[in-house]
Every structure is written in C-alpha cells, then in structure tokens.
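With PDB, C-alpha atoms inside, this is run-v9.pdb:
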```pdb
MODEL        1
ATOM      1  CA  MET A   1     -15.973 -22.978   3.888
ATOM      2  CA  ARG A   2     -14.823 -24.328   7.245
ATOM      3  CA  SER A   3     -11.810 -25.938   5.629
ATOM      4  CA  LEU A   4     -10.824 -22.546   4.214
ATOM      5  CA  TYR A   5     -11.089 -20.944   7.638
ATOM      6  CA  ARG A   6      -9.159 -23.790   9.218
ATOM      7  CA  SER A   7      -6.406 -23.627   6.610
ATOM      8  CA  LEU A   8      -6.064 -19.855   7.094
ATOM      9  CA  ASP A   9      -6.079 -20.285  10.856
ATOM     10  CA  GLU A  10      -3.275 -22.842  10.711
ATOM     11  CA  ALA A  11      -1.257 -21.154   7.940
ATOM     12  CA  GLY A  12       2.322 -20.624   9.055
ATOM     13  CA  TRP A  13       3.128 -18.229   6.225
ATOM     14  CA  LEU A  14       0.252 -15.950   7.227
ATOM     15  CA  MET A  15       1.400 -15.994  10.842
ATOM     16  CA  ARG A  16       4.956 -15.073   9.804
ATOM     17  CA  LEU A  17       3.661 -12.292   7.504
ATOM     18  CA  LEU A  18       1.525 -10.756  10.245
ATOM     19  CA  LYS A  19       4.396 -11.011  12.729
ATOM     20  CA  TRP A  20       6.687  -9.254  10.251
ATOM     21  CA  PHE A  21       4.137  -6.445   9.818
ATOM     22  CA  ARG A  22       3.707  -6.189  13.594
ATOM     23  CA  ASP A  23       7.470  -5.898  14.104
ATOM     24  CA  PHE A  24       8.327  -3.806  11.046
ATOM     25  CA  LEU A  25       5.620  -1.160  10.696
ATOM     26  CA  PRO A  26       5.435   0.487  14.151
ATOM     27  CA  ALA A  27       8.997   1.751  13.837
ATOM     28  CA  ARG A  28       8.333   2.980  10.289
ATOM     29  CA  ARG A  29       4.871   4.515  10.517
ATOM     30  CA  GLY A  30       5.247   6.865   7.552
ATOM     31  CA  LEU A  31       6.548   4.248   5.135
ATOM     32  CA  LEU A  32       3.160   3.528   3.525
ATOM     33  CA  THR A  33       2.431   7.229   3.123
ATOM     34  CA  LEU A  34       5.855   7.779   1.574
ATOM     35  CA  GLY A  35       5.199   4.863  -0.776
ATOM     36  CA  ALA A  36       1.874   6.441  -1.739
ATOM     37  CA  ILE A  37       3.645   9.674  -2.638
ATOM     38  CA  GLY A  38       6.048   7.709  -4.840
ATOM     39  CA  VAL A  39       3.193   5.889  -6.591
ATOM     40  CA  ALA A  40       1.378   9.202  -7.142
ATOM     41  CA  ILE A  41       4.520  10.668  -8.762
ATOM     42  CA  LEU A  42       4.781   7.548 -10.933
ATOM     43  CA  SER A  43       1.126   8.034 -11.867
ATOM     44  CA  LEU A  44       1.876  11.618 -12.902
ATOM     45  CA  CYS A  45       4.678  10.386 -15.160
ATOM     46  CA  VAL A  46       2.358   7.787 -16.701
ATOM     47  CA  HIS A  47      -0.303  10.464 -17.310
ATOM     48  CA  ILE A  48       2.281  12.669 -19.041
ATOM     49  CA  LEU A  49       3.256   9.665 -21.167
ATOM     50  CA  TRP A  50      -0.426   9.170 -21.998
ATOM     51  CA  LEU A  51      -0.691  12.776 -23.172
ATOM     52  CA  ALA A  52       2.352  12.268 -25.388
ATOM     53  CA  THR A  53       1.178   8.965 -26.912
ATOM     54  CA  GLY A  54      -2.614   9.058 -26.703
ATOM     55  CA  ASN A  55      -2.709   5.349 -25.846
ATOM     56  CA  VAL A  56      -5.804   4.321 -23.874
ATOM     57  CA  VAL A  57      -4.023   1.468 -22.084
ATOM     58  CA  VAL A  58      -1.449   3.911 -20.713
ATOM     59  CA  ALA A  59      -4.293   6.134 -19.499
ATOM     60  CA  LEU A  60      -5.889   3.188 -17.731
ATOM     61  CA  CYS A  61      -2.567   2.333 -16.064
ATOM     62  CA  GLY A  62      -2.258   5.932 -14.873
ATOM     63  CA  VAL A  63      -5.743   5.903 -13.375
ATOM     64  CA  VAL A  64      -5.119   2.566 -11.644
ATOM     65  CA  LEU A  65      -1.829   3.854 -10.225
ATOM     66  CA  LEU A  66      -3.480   7.028  -8.978
ATOM     67  CA  HIS A  67      -6.269   5.151  -7.234
ATOM     68  CA  GLY A  68      -3.750   2.721  -5.759
ATOM     69  CA  ALA A  69      -1.768   5.670  -4.416
ATOM     70  CA  LEU A  70      -4.877   7.118  -2.806
ATOM     71  CA  ILE A  71      -5.804   3.829  -1.153
ATOM     72  CA  LEU A  72      -2.219   3.254   0.008
ATOM     73  CA  GLY A  73      -1.963   6.808   1.348
ATOM     74  CA  PHE A  74      -5.225   6.704   3.257
ATOM     75  CA  GLY A  75      -4.358   3.279   4.630
ATOM     76  CA  GLY A  76      -0.952   4.557   5.694
ATOM     77  CA  LEU A  77      -2.452   7.555   7.450
ATOM     78  CA  LEU A  78      -5.014   5.413   9.250
ATOM     79  CA  LEU A  79      -2.346   2.929  10.272
ATOM     80  CA  ALA A  80       0.004   5.657  11.479
ATOM     81  CA  GLU A  81      -2.777   7.114  13.599
ATOM     82  CA  ALA A  82      -3.654   3.705  15.047
ATOM     83  CA  LEU A  83      -0.024   2.875  15.845
ATOM     84  CA  GLY A  84       0.405   6.151  17.689
ATOM     85  CA  ARG A  85       3.728   7.634  18.613
ATOM     86  CA  GLY A  86       6.725   5.410  18.169
ATOM     87  CA  TYR A  87       9.036   4.255  20.886
ATOM     88  CA  ARG A  88      11.698   6.694  19.658
ATOM     89  CA  GLU A  89       9.565   9.762  20.338
TER      90      GLU A  89
ENDMDL
END
```
Step by step, read the file and then write its structure as structure tokens.
Amino acid sequence: MRSLYRSLDEAGWLMRLLKWFRDFLPARRGLLTLGAIGVAILSLCVHILWLATGNVVVALCGVVLLHGALILGFGGLLLAEALGRGYRE
C-alpha cells in the first residue's frame, strides 16, 4: 500500500492534471454546472428513445446519465461556492 501512495505522490501526470484544474476552473466556475445541464438534456433524449423502443439497456443508459448529471451538477455547485467570486467580478 505504501508503494501505491508513493507512486501517486510522485506522479507527474497527476500533478499536471491538478495544476490544470487549479488554473482552468476558477475562471470558469459554472462550466461543470453547464455540463450537468447538457448531460440532463441528453438523458431526457435517451429516455424518450427508451419510450419509443422499449429497450431495457437504453433505459439503463438514461438512468445512468441522469444520475451522472445530478452528481456533476451538485459537484459543480459545491465547487463554484468554494471557489468564490472570480477575479473578473
């Protein structure tokens, strides 16, 4: 388990990913919430497709998309609140 922690601690790709998030997201606080709205609309389209076809797999995809949209939206709202007002405002 220590080797896993050490490899994550020394991972350059993880450091670059976190730096990108730190630089990218504060200026675009509502981006995750906007993405959640898009995924929810996609979920609505998939649910309409499920009603037209009656396929259970399509219904499962619609439910997964809807739950993903909820998680993404709540995460976006929490992150926007934590980041506070942007430097432009």
How would you write, as a PyMOL selection string, the residues chosen by the PyMOL selection byres ((chain A and resi 27-39) around 10) on this structure?
chain A and resi 22-26+40-45+62+65-88
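Put simply, atom CA of A:Val64 is 26.5 Å away from atom CA of A:Leu18.
The smallest atom-to-atom distance between A:Trp50 and any of A:Leu4, A:Leu17, A:Ala11, A:Val63, using only C-alpha atoms, is found for A:Val63.
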Have a look at atom CA of A:Cys61 and atom CA of A:Leu49 and let me know their distance in Å, one decimal.
10.7 Å
Centre and edge lengths, as lines of an AutoDock Vina configuration file, for the axis-aligned box enclosing every listed atom of stretch 18-24 of chain A with 4 Å of padding on each of the six sides, in Å to one decimal?
```
center_x = 4.9
center_y = -7.4
center_z = 12.0
size_x = 14.8
size_y = 15.2
size_z = 12.3
```
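We find atom CA of A:Arg6 and atom CA of A:Lys19 to be spaced 19.0 Å apart.
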